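K.L.:
Structure supplied as upload_14.csv; contents: CSV, C-alpha atoms.
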```csv
chain,number,residue,atom,x,y,z
A,186,MET,CA,147.9,87.8,93.1
A,187,SER,CA,147.9,85.6,90.0
A,188,ALA,CA,146.3,86.7,86.8
A,189,LYS,CA,143.8,84.0,87.2
A,190,LYS,CA,142.7,85.3,90.6
A,191,VAL,CA,142.6,88.9,89.3
A,192,SER,CA,140.3,87.9,86.5
A,193,ARG,CA,138.0,85.8,88.7
A,194,LEU,CA,137.8,88.7,91.2
A,195,ALA,CA,136.9,91.0,88.4
A,196,LEU,CA,134.2,88.5,87.4
A,197,LEU,CA,132.8,88.6,90.9
A,198,VAL,CA,132.8,92.5,90.9
A,199,ALA,CA,130.9,92.5,87.7
A,200,PHE,CA,128.5,90.0,89.1
A,201,ALA,CA,128.0,92.2,92.2
A,202,LEU,CA,127.4,95.2,90.0
A,203,ILE,CA,124.8,93.4,87.9
A,204,LEU,CA,123.0,92.4,91.2
A,205,SER,CA,123.1,96.0,92.4
A,206,TYR,CA,121.6,97.1,89.0
A,207,VAL,CA,118.9,94.4,89.2
A,208,GLU,CA,118.1,95.4,92.7
A,209,SER,CA,117.5,99.0,91.6
A,210,PHE,CA,114.5,97.8,89.6
A,211,LEU,CA,112.9,96.0,92.5
A,212,PRO,CA,110.0,97.8,94.4
A,213,VAL,CA,111.3,100.0,97.2
A,214,ILE,CA,110.8,98.7,100.7
A,215,PRO,CA,109.1,101.5,102.6
A,216,ILE,CA,111.6,101.7,105.4
A,217,PRO,CA,114.6,104.1,105.0
A,218,GLY,CA,117.8,102.2,104.4
A,219,ALA,CA,116.1,98.8,103.8
A,220,LYS,CA,117.5,96.7,101.0
A,221,LEU,CA,117.3,93.2,99.8
A,222,GLY,CA,121.1,93.2,99.6
A,223,LEU,CA,121.5,91.1,96.5
A,224,ALA,CA,125.1,92.3,96.1
A,225,ASN,CA,125.9,90.5,99.3
A,226,ILE,CA,125.6,87.2,97.4
A,227,ALA,CA,128.8,88.2,95.6
A,228,THR,CA,130.5,89.1,98.9
A,229,LEU,CA,129.5,85.7,100.3
A,230,LEU,CA,130.8,83.9,97.3
A,231,CYS,CA,134.1,85.7,97.5
A,232,LEU,CA,134.4,85.0,101.2
A,233,TYR,CA,133.8,81.3,100.8
A,234,LEU,CA,135.9,80.8,97.6
A,235,TYR,CA,138.8,83.0,98.8
A,236,SER,CA,139.6,84.8,102.0
A,237,PRO,CA,138.6,88.1,103.8
A,238,ARG,CA,141.4,89.9,101.9
A,239,GLU,CA,139.8,89.3,98.5
A,240,ALA,CA,136.3,90.0,99.9
A,241,LEU,CA,137.6,93.4,101.1
A,242,VAL,CA,138.8,94.2,97.6
A,243,LEU,CA,135.5,93.1,96.2
A,244,VAL,CA,133.4,95.2,98.7
A,245,VAL,CA,135.5,98.4,98.1
A,246,LEU,CA,135.4,98.0,94.4
A,247,ARG,CA,131.7,97.1,94.1
A,248,THR,CA,130.5,99.9,96.4
A,249,SER,CA,132.6,102.6,94.7
A,250,LEU,CA,131.7,101.4,91.2
A,251,SER,CA,128.1,101.1,92.0
A,252,ALA,CA,128.1,104.6,93.5
A,253,PHE,CA,129.8,105.8,90.3
A,254,LEU,CA,127.4,104.1,87.9
A,255,PHE,CA,124.0,104.1,89.7
A,256,THR,CA,123.5,105.7,93.0
A,257,GLY,CA,125.8,108.7,93.2
A,258,PHE,CA,128.4,109.6,95.8
A,259,SER,CA,126.1,110.6,98.6
A,260,ALA,CA,125.1,107.0,98.8
A,261,LEU,CA,128.7,105.8,98.8
A,262,MET,CA,129.2,106.6,102.5
A,263,TYR,CA,126.2,104.5,103.4
A,264,ALA,CA,127.1,101.6,101.1
A,265,LEU,CA,130.8,101.6,102.2
A,266,ALA,CA,130.0,101.8,105.9
A,267,GLY,CA,127.4,99.0,105.6
A,268,GLY,CA,129.5,96.9,103.3
A,269,LEU,CA,132.7,97.1,105.4
A,270,LEU,CA,131.0,96.6,108.8
A,271,SER,CA,129.0,93.7,107.3
A,272,LEU,CA,132.2,92.1,105.9
A,273,ALA,CA,134.0,92.6,109.3
A,274,ALA,CA,131.1,90.9,111.1
A,275,MET,CA,131.0,88.0,108.7
A,276,CYS,CA,134.7,87.4,108.9
A,277,LEU,CA,134.8,87.6,112.7
A,278,ALA,CA,131.8,85.3,113.0
A,279,ARG,CA,133.5,82.7,110.7
A,280,ARG,CA,136.7,82.9,112.7
A,281,ILE,CA,135.1,82.7,116.1
A,282,PHE,CA,132.3,80.2,115.4
A,283,LYS,CA,134.0,78.2,112.6
A,284,ASP,CA,131.9,75.1,111.9
A,285,LYS,CA,129.0,76.0,114.3
A,286,LEU,CA,127.6,78.5,111.7
A,287,SER,CA,126.5,77.7,108.2
A,288,ILE,CA,126.4,80.2,105.4
A,289,ALA,CA,122.8,81.1,106.5
A,290,GLY,CA,123.9,82.4,109.9
A,291,ILE,CA,126.9,84.2,108.4
A,292,SER,CA,124.7,85.9,105.7
A,293,ILE,CA,122.1,87.0,108.3
A,294,LEU,CA,124.8,88.5,110.5
A,295,GLY,CA,126.1,90.3,107.3
A,296,ALA,CA,122.6,91.7,106.6
A,297,VAL,CA,122.2,92.8,110.2
A,298,PHE,CA,125.5,94.6,110.3
A,299,HIS,CA,125.1,96.1,106.9
A,300,HIS,CA,122.0,97.9,108.2
A,301,ILE,CA,123.7,98.8,111.4
A,302,GLY,CA,126.6,100.3,109.5
A,303,GLN,CA,124.3,102.4,107.3
A,304,MET,CA,122.4,103.5,110.4
A,305,ILE,CA,125.6,104.7,112.1
A,306,VAL,CA,126.3,106.9,109.1
A,307,ALA,CA,122.7,108.2,109.1
A,308,VAL,CA,123.0,109.2,112.8
A,309,PHE,CA,126.1,111.3,111.9
A,310,VAL,CA,124.7,112.8,108.7
A,311,LEU,CA,121.3,113.7,110.3
A,312,GLN,CA,122.8,114.6,113.6
A,313,SER,CA,119.9,112.9,115.3
A,314,LEU,CA,119.2,109.6,117.0
A,315,ALA,CA,115.6,109.6,115.8
A,316,ILE,CA,116.4,107.3,112.9
A,317,LEU,CA,117.3,104.5,115.4
A,318,THR,CA,113.6,103.9,116.0
A,319,ILE,CA,113.5,102.0,112.7
A,320,LEU,CA,116.2,99.6,113.8
A,321,PRO,CA,113.8,96.9,115.0
A,322,TYR,CA,112.1,96.8,111.6
A,323,LEU,CA,115.5,96.6,109.9
A,324,LEU,CA,116.6,93.7,112.1
A,325,ALA,CA,113.5,91.7,111.4
A,326,LEU,CA,114.0,92.4,107.7
A,327,SER,CA,117.6,91.4,107.8
A,328,LEU,CA,116.6,87.9,108.9
A,329,VAL,CA,114.5,87.4,105.8
A,330,THR,CA,117.0,89.1,103.3
A,331,GLY,CA,120.0,87.4,104.9
A,332,LEU,CA,118.4,84.0,104.7
A,333,PHE,CA,117.4,84.6,101.1
A,334,THR,CA,120.9,85.7,99.9
A,335,SER,CA,122.4,82.7,101.7
A,336,VAL,CA,120.2,80.3,99.9
A,337,VAL,CA,121.1,81.8,96.5
A,338,ALA,CA,124.8,81.9,97.4
A,339,LYS,CA,124.7,78.3,98.6
A,340,TYR,CA,123.3,77.0,95.3
A,341,ILE,CA,125.8,79.1,93.3
A,342,LEU,CA,128.7,77.8,95.4
A,343,ARG,CA,127.7,74.3,94.7
A,344,TYR,CA,128.1,74.8,90.9
A,345,VAL,CA,130.9,77.3,90.9
A,346,GLN,CA,133.3,75.7,93.5
A,347,ARG,CA,134.9,73.4,91.0
A,348,PHE,CA,135.9,76.2,88.6
A,349,PHE,CA,137.6,78.4,91.2
B,158,MET,CA,121.1,75.2,108.6
B,159,LYS,CA,123.0,74.4,111.7
B,160,LYS,CA,122.2,74.8,115.4
B,161,GLY,CA,124.4,77.9,115.5
B,162,ASP,CA,122.3,79.5,112.8
B,163,ILE,CA,119.1,79.0,114.8
B,164,VAL,CA,120.7,80.5,117.9
B,165,ILE,CA,121.7,83.6,115.8
B,166,ILE,CA,118.2,83.9,114.4
B,167,ILE,CA,116.6,83.6,117.9
B,168,VAL,CA,119.0,86.2,119.3
B,169,ILE,CA,118.2,88.7,116.5
B,170,ILE,CA,114.5,88.1,117.0
B,171,ILE,CA,114.9,88.9,120.7
B,172,ILE,CA,117.0,92.0,120.1
B,173,ALA,CA,114.5,93.2,117.5
B,174,PHE,CA,111.6,92.6,119.9
B,175,VAL,CA,113.3,94.3,122.8
B,176,SER,CA,114.3,97.3,120.8
B,177,TYR,CA,110.8,97.5,119.3
B,178,MET,CA,109.3,97.5,122.9
B,179,ALA,CA,111.9,100.1,123.9
B,180,VAL,CA,110.9,102.4,121.0
B,181,THR,CA,107.2,102.0,121.6
B,182,LEU,CA,107.5,102.5,125.3
B,183,SER,CA,109.7,105.6,125.0
B,184,ARG,CA,107.3,107.2,122.6
B,185,PRO,CA,104.6,108.4,125.1
B,186,ALA,CA,107.3,110.7,126.5
B,187,GLY,CA,105.8,112.7,123.8
B,188,SER,CA,106.1,114.6,120.6
B,189,ALA,CA,106.0,118.4,120.9
B,190,VAL,CA,102.8,120.1,119.6
B,191,LEU,CA,103.1,123.5,118.1
B,192,ILE,CA,100.1,125.7,117.6
B,193,THR,CA,100.5,128.9,115.6
B,194,VAL,CA,97.9,131.5,114.7
B,195,ASP,CA,98.8,133.8,111.7
B,196,GLY,CA,102.4,132.6,112.0
B,197,ALA,CA,102.8,133.6,115.6
B,198,LEU,CA,103.3,131.0,118.3
B,199,TYR,CA,100.0,130.5,120.2
B,200,ARG,CA,100.9,127.5,122.4
B,201,GLN,CA,103.5,124.8,122.6
B,202,PHE,CA,103.3,121.6,124.7
B,203,VAL,CA,104.2,118.0,124.9
B,204,LEU,CA,101.6,115.5,123.6
B,205,ASP,CA,101.3,113.0,126.4
B,206,GLU,CA,99.5,109.7,126.1
B,207,LYS,CA,97.6,110.4,129.3
B,208,ALA,CA,96.8,114.1,128.8
B,209,GLU,CA,93.2,114.9,128.2
B,210,GLU,CA,92.1,118.5,127.6
B,211,HIS,CA,89.7,120.8,125.7
B,212,PHE,CA,90.5,124.3,124.9
B,213,THR,CA,89.3,127.0,122.5
B,214,VAL,CA,91.6,129.1,120.4
B,215,GLU,CA,90.0,132.5,119.8
B,216,THR,CA,91.2,134.4,116.8
B,217,GLU,CA,90.0,137.6,115.1
B,218,ALA,CA,88.5,135.3,112.4
B,219,GLY,CA,86.6,132.9,114.7
B,220,TYR,CA,87.2,130.1,117.1
B,221,ASN,CA,88.5,126.5,117.0
B,222,VAL,CA,87.8,124.0,119.8
B,223,ILE,CA,90.7,121.7,120.2
B,224,GLU,CA,90.7,118.3,121.9
B,225,VAL,CA,93.7,116.5,123.3
B,226,LYS,CA,93.0,112.8,123.9
B,227,ASP,CA,94.8,109.4,123.8
B,228,GLY,CA,98.0,111.0,122.6
B,229,ALA,CA,96.4,112.7,119.7
B,230,ILE,CA,95.2,116.2,119.0
B,231,ALA,CA,92.2,117.2,116.9
B,232,VAL,CA,89.9,120.1,116.1
B,233,ILE,CA,86.4,119.1,117.1
B,234,GLU,CA,84.5,122.3,116.4
B,235,ALA,CA,85.1,125.5,114.6
B,236,ASP,CA,83.1,128.3,113.0
B,237,CYS,CA,85.2,128.5,109.9
B,238,ARG,CA,83.5,128.2,106.5
B,239,ASP,CA,85.2,125.2,105.1
B,240,GLN,CA,85.3,122.9,108.2
B,241,ILE,CA,88.4,121.2,106.8
B,242,CYS,CA,90.2,121.4,110.1
B,243,VAL,CA,87.3,119.6,111.8
B,244,HIS,CA,87.3,116.9,109.3
B,245,THR,CA,91.1,116.4,109.3
B,246,LYS,CA,91.9,113.3,111.3
B,247,ALA,CA,93.6,113.6,114.7
B,248,ALA,CA,97.3,114.4,114.6
B,249,ARG,CA,99.6,112.1,116.6
B,250,LYS,CA,102.9,111.4,114.8
B,251,GLY,CA,105.8,113.7,114.0
B,252,GLY,CA,105.0,115.6,110.8
B,253,ASP,CA,101.2,115.4,111.2
B,254,LYS,CA,99.5,118.7,110.7
B,255,ILE,CA,96.0,120.2,111.0
B,256,ILE,CA,95.5,123.4,109.2
B,257,CYS,CA,92.6,125.8,109.4
B,258,LEU,CA,93.2,128.2,106.5
B,259,PRO,CA,90.3,130.7,107.2
B,260,HIS,CA,91.6,131.2,110.8
B,261,LYS,CA,95.3,131.0,109.8
B,262,LEU,CA,95.6,128.3,112.5
B,263,ILE,CA,98.3,125.6,112.2
B,264,ILE,CA,98.6,122.7,114.6
B,265,SER,CA,101.8,120.7,113.9
B,266,ILE,CA,103.5,117.9,115.6
B,267,GLN,CA,107.3,118.2,115.7
B,268,GLY,CA,109.7,115.3,115.4
B,269,GLU,CA,111.8,113.7,112.8
B,270,GLU,CA,110.0,110.4,112.7
B,271,ASP,CA,107.8,111.6,109.9
B,272,GLY,CA,105.0,109.1,109.2
B,273,HIS,CA,106.3,106.8,106.5
```
Represent the supplied structure as structure tokens.

P.N.:
Amino acid sequence: MSAKKVSRLALLVAFALILSYVESFLPVIPIPGAKLGLANIATLLCLYLYSPREALVLVVLRTSLSAFLFTGFSALMYALAGGLLSLAAMCLARRIFKDKLSIAGISILGAVFHHIGQMIVAVFVLQSLAILTILPYLLALSLVTGLFTSVVAKYILRYVQRFF
Amino acid sequence: MKKGDIVIIIVIIIIAFVSYMAVTLSRPAGSAVLITVDGALYRQFVLDEKAEEHFTVETEAGYNVIEVKDGAIAVIEADCRDQICVHTKAARKGGDKIICLPHKLIISIQGEEDGH
């Protein structure tokens, strides 16, 4: 990894952390585990500017740093499971569907699998399947949040692409 | 937005709808109702959507008439002094409770899906 790339990745991690911080001020959505997922904008940028490898570094760094700074380590498991599963789903979808999906579809899949990842951890932590009853609400919400983050990421990409 | 995106959106809407239906349809199978008097178990049963029943809980302090109807349970009459239990609205979801303090009667619905 070149010094240039390391510094750009660090920039993206910092951007993701700011987004996580901003998100903590937004009103809480009254569904357990529901989030706007602003930090996913950074993951999307990384995925489109670089490759899955760099995005993996970004996800691991931003989730652990955000747990360290804001949310605490009990939330790390949820964030990490959600982030990694979401990244895996987005990479797979890009590889399989290639040009058939735009950033909107990729981002929606990312939001859906982020919630699914968190839910899997919740099932193990709570030792109960009862939490699965909120899955339909989270899926519907993922459509909206995924679409939103993709629109933001698309506009940022347009301006940022020439610098990277 | 490409055609593939629309397909993804439609598929997710369908999955969300189907899982919503599955959750709603599986609910009538019932939440467990627990009735205790002075801390001791009085009666425990499953709250069924179709069940309809009236019964009276007699305690040393007085009586409470309980009605089970449309998947909910409520106290419809009591000779307690505050009548709070009668005015509490019917309990139907996990975590709902009706409490009659003068008679030390507690009706609670079990389940983790506490009303949010």

K.L.:
Report as CSV the residues of chain B within 9 Å of chain A, each with its shortest atom pair and distance in Å (one decimal), using all atoms listed in the file, ordered by chain and increasing residue number.

P.N.:
```
residue,atom,partner,partner_atom,distance
B:Met158,CA,A:Ser287,CA,6.0
B:Lys159,CA,A:Ser287,CA,5.9
B:Lys160,CA,A:Lys285,CA,7.0
B:Gly161,CA,A:Leu286,CA,5.0
B:Asp162,CA,A:Gly290,CA,4.4
B:Ile163,CA,A:Gly290,CA,7.7
B:Val164,CA,A:Gly290,CA,8.8
B:Ile165,CA,A:Gly290,CA,6.4
B:Ile166,CA,A:Leu328,CA,7.0
B:Ile169,CA,A:Leu324,CA,6.8
B:Ile170,CA,A:Ala325,CA,6.7
B:Ile172,CA,A:Pro321,CA,7.8
B:Ala173,CA,A:Pro321,CA,4.5
B:Phe174,CA,A:Pro321,CA,6.9
B:Val175,CA,A:Pro321,CA,8.2
B:Ser176,CA,A:Pro321,CA,5.8
B:Tyr177,CA,A:Pro321,CA,5.3
B:Ala179,CA,A:Thr318,CA,8.9
B:Val180,CA,A:Thr318,CA,5.9
B:Thr181,CA,A:Thr318,CA,8.7
B:Gly268,CA,A:Ala315,CA,8.2
B:Glu269,CA,A:Ala315,CA,6.3
B:Glu270,CA,A:Ala315,CA,6.5
B:His273,CA,A:Pro215,CA,7.2
```

K.L.:
Those residues with C-alpha atoms, as a compact mmCIF listing (two decimals), keeping the file's coordinate frame please?

P.N.:
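Produced file part-v9.txt, reproduced below:
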```
# COMPACT_ATOMS: atom_id res chain seq x y z
CA MET B 158 121.10 75.20 108.60
CA LYS B 159 123.00 74.40 111.70
CA LYS B 160 122.20 74.80 115.40
CA GLY B 161 124.40 77.90 115.50
CA ASP B 162 122.30 79.50 112.80
CA ILE B 163 119.10 79.00 114.80
CA VAL B 164 120.70 80.50 117.90
CA ILE B 165 121.70 83.60 115.80
CA ILE B 166 118.20 83.90 114.40
CA ILE B 169 118.20 88.70 116.50
CA ILE B 170 114.50 88.10 117.00
CA ILE B 172 117.00 92.00 120.10
CA ALA B 173 114.50 93.20 117.50
CA PHE B 174 111.60 92.60 119.90
CA VAL B 175 113.30 94.30 122.80
CA SER B 176 114.30 97.30 120.80
CA TYR B 177 110.80 97.50 119.30
CA ALA B 179 111.90 100.10 123.90
CA VAL B 180 110.90 102.40 121.00
CA THR B 181 107.20 102.00 121.60
CA GLY B 268 109.70 115.30 115.40
CA GLU B 269 111.80 113.70 112.80
CA GLU B 270 110.00 110.40 112.70
CA HIS B 273 106.30 106.80 106.50
```

K.L.:
Just the number, please: distance in Å from CA of Glu215 in chain B to CA of Ala235 in chain B, one decimal.

P.N.:
10.0 Å

K.L.:
Select, from B:Val222, B:Arg200, B:Thr193, B:Ile266, the residue with the minimum atom-to-atom distance to Lys254 in chain B, counting only C-alpha atoms.

P.N.:
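Of B:Val222, B:Arg200, B:Thr193, B:Ile266, the one nearest Lys254 in chain B, counting only C-alpha atoms, is B:Ile266.
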
K.L.:
May I have the residues within 10 Å of Lys226 in chain B as a ChimeraX atom specification, using all atoms listed in the file and disregarding those fewer than 4 positions away in the same chain?

P.N.:
/B:204-211,230-231,247,249

K.L.:
Only C-alpha atoms, please: the residues just picked out, written as a PDB file, keeping the file's coordinate frame.

P.N.:
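The file below, part.pdb, is the result:
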```pdb
ATOM      1  CA  LEU B 204     101.600 115.500 123.600  1.00  0.00           C
ATOM      2  CA  ASP B 205     101.300 113.000 126.400  1.00  0.00           C
ATOM      3  CA  GLU B 206      99.500 109.700 126.100  1.00  0.00           C
ATOM      4  CA  LYS B 207      97.600 110.400 129.300  1.00  0.00           C
ATOM      5  CA  ALA B 208      96.800 114.100 128.800  1.00  0.00           C
ATOM      6  CA  GLU B 209      93.200 114.900 128.200  1.00  0.00           C
ATOM      7  CA  GLU B 210      92.100 118.500 127.600  1.00  0.00           C
ATOM      8  CA  HIS B 211      89.700 120.800 125.700  1.00  0.00           C
ATOM      9  CA  ILE B 230      95.200 116.200 119.000  1.00  0.00           C
ATOM     10  CA  ALA B 231      92.200 117.200 116.900  1.00  0.00           C
ATOM     11  CA  ALA B 247      93.600 113.600 114.700  1.00  0.00           C
ATOM     12  CA  ARG B 249      99.600 112.100 116.600  1.00  0.00           C
TER      13      ARG B 249
END
```

K.L.:
Counting all atoms listed in the file, I want the residues whose atoms come within 7 Å of (94.3, 130.0, 112.6) in the file frame, returned as a ChimeraX atom specification.

P.N.:
/B:193-195,216,257-263

K.L.:
Calculate how many Å separate CA of Tyr235 in chain A from CA of Ala219 in chain A, rounding to one decimal.

P.N.:
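If I compute the distance from CA of Tyr235 in chain A to CA of Ala219 in chain A, I get 28.1 Å.
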
K.L.:
Between A:Phe255, A:Tyr263, A:Phe210, A:Phe200, which residue has the minimum interatomic distance to Ile226 in chain A, considering all atoms listed in the file?

P.N.:
A:Phe200

K.L.:
Hey, can you check how far CA of Ser251 in chain A sits from CA of Tyr206 in chain A?

P.N.:
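Taking CA of Ser251 in chain A as the start and CA of Tyr206 in chain A as the end point, the length is 8.2 Å.
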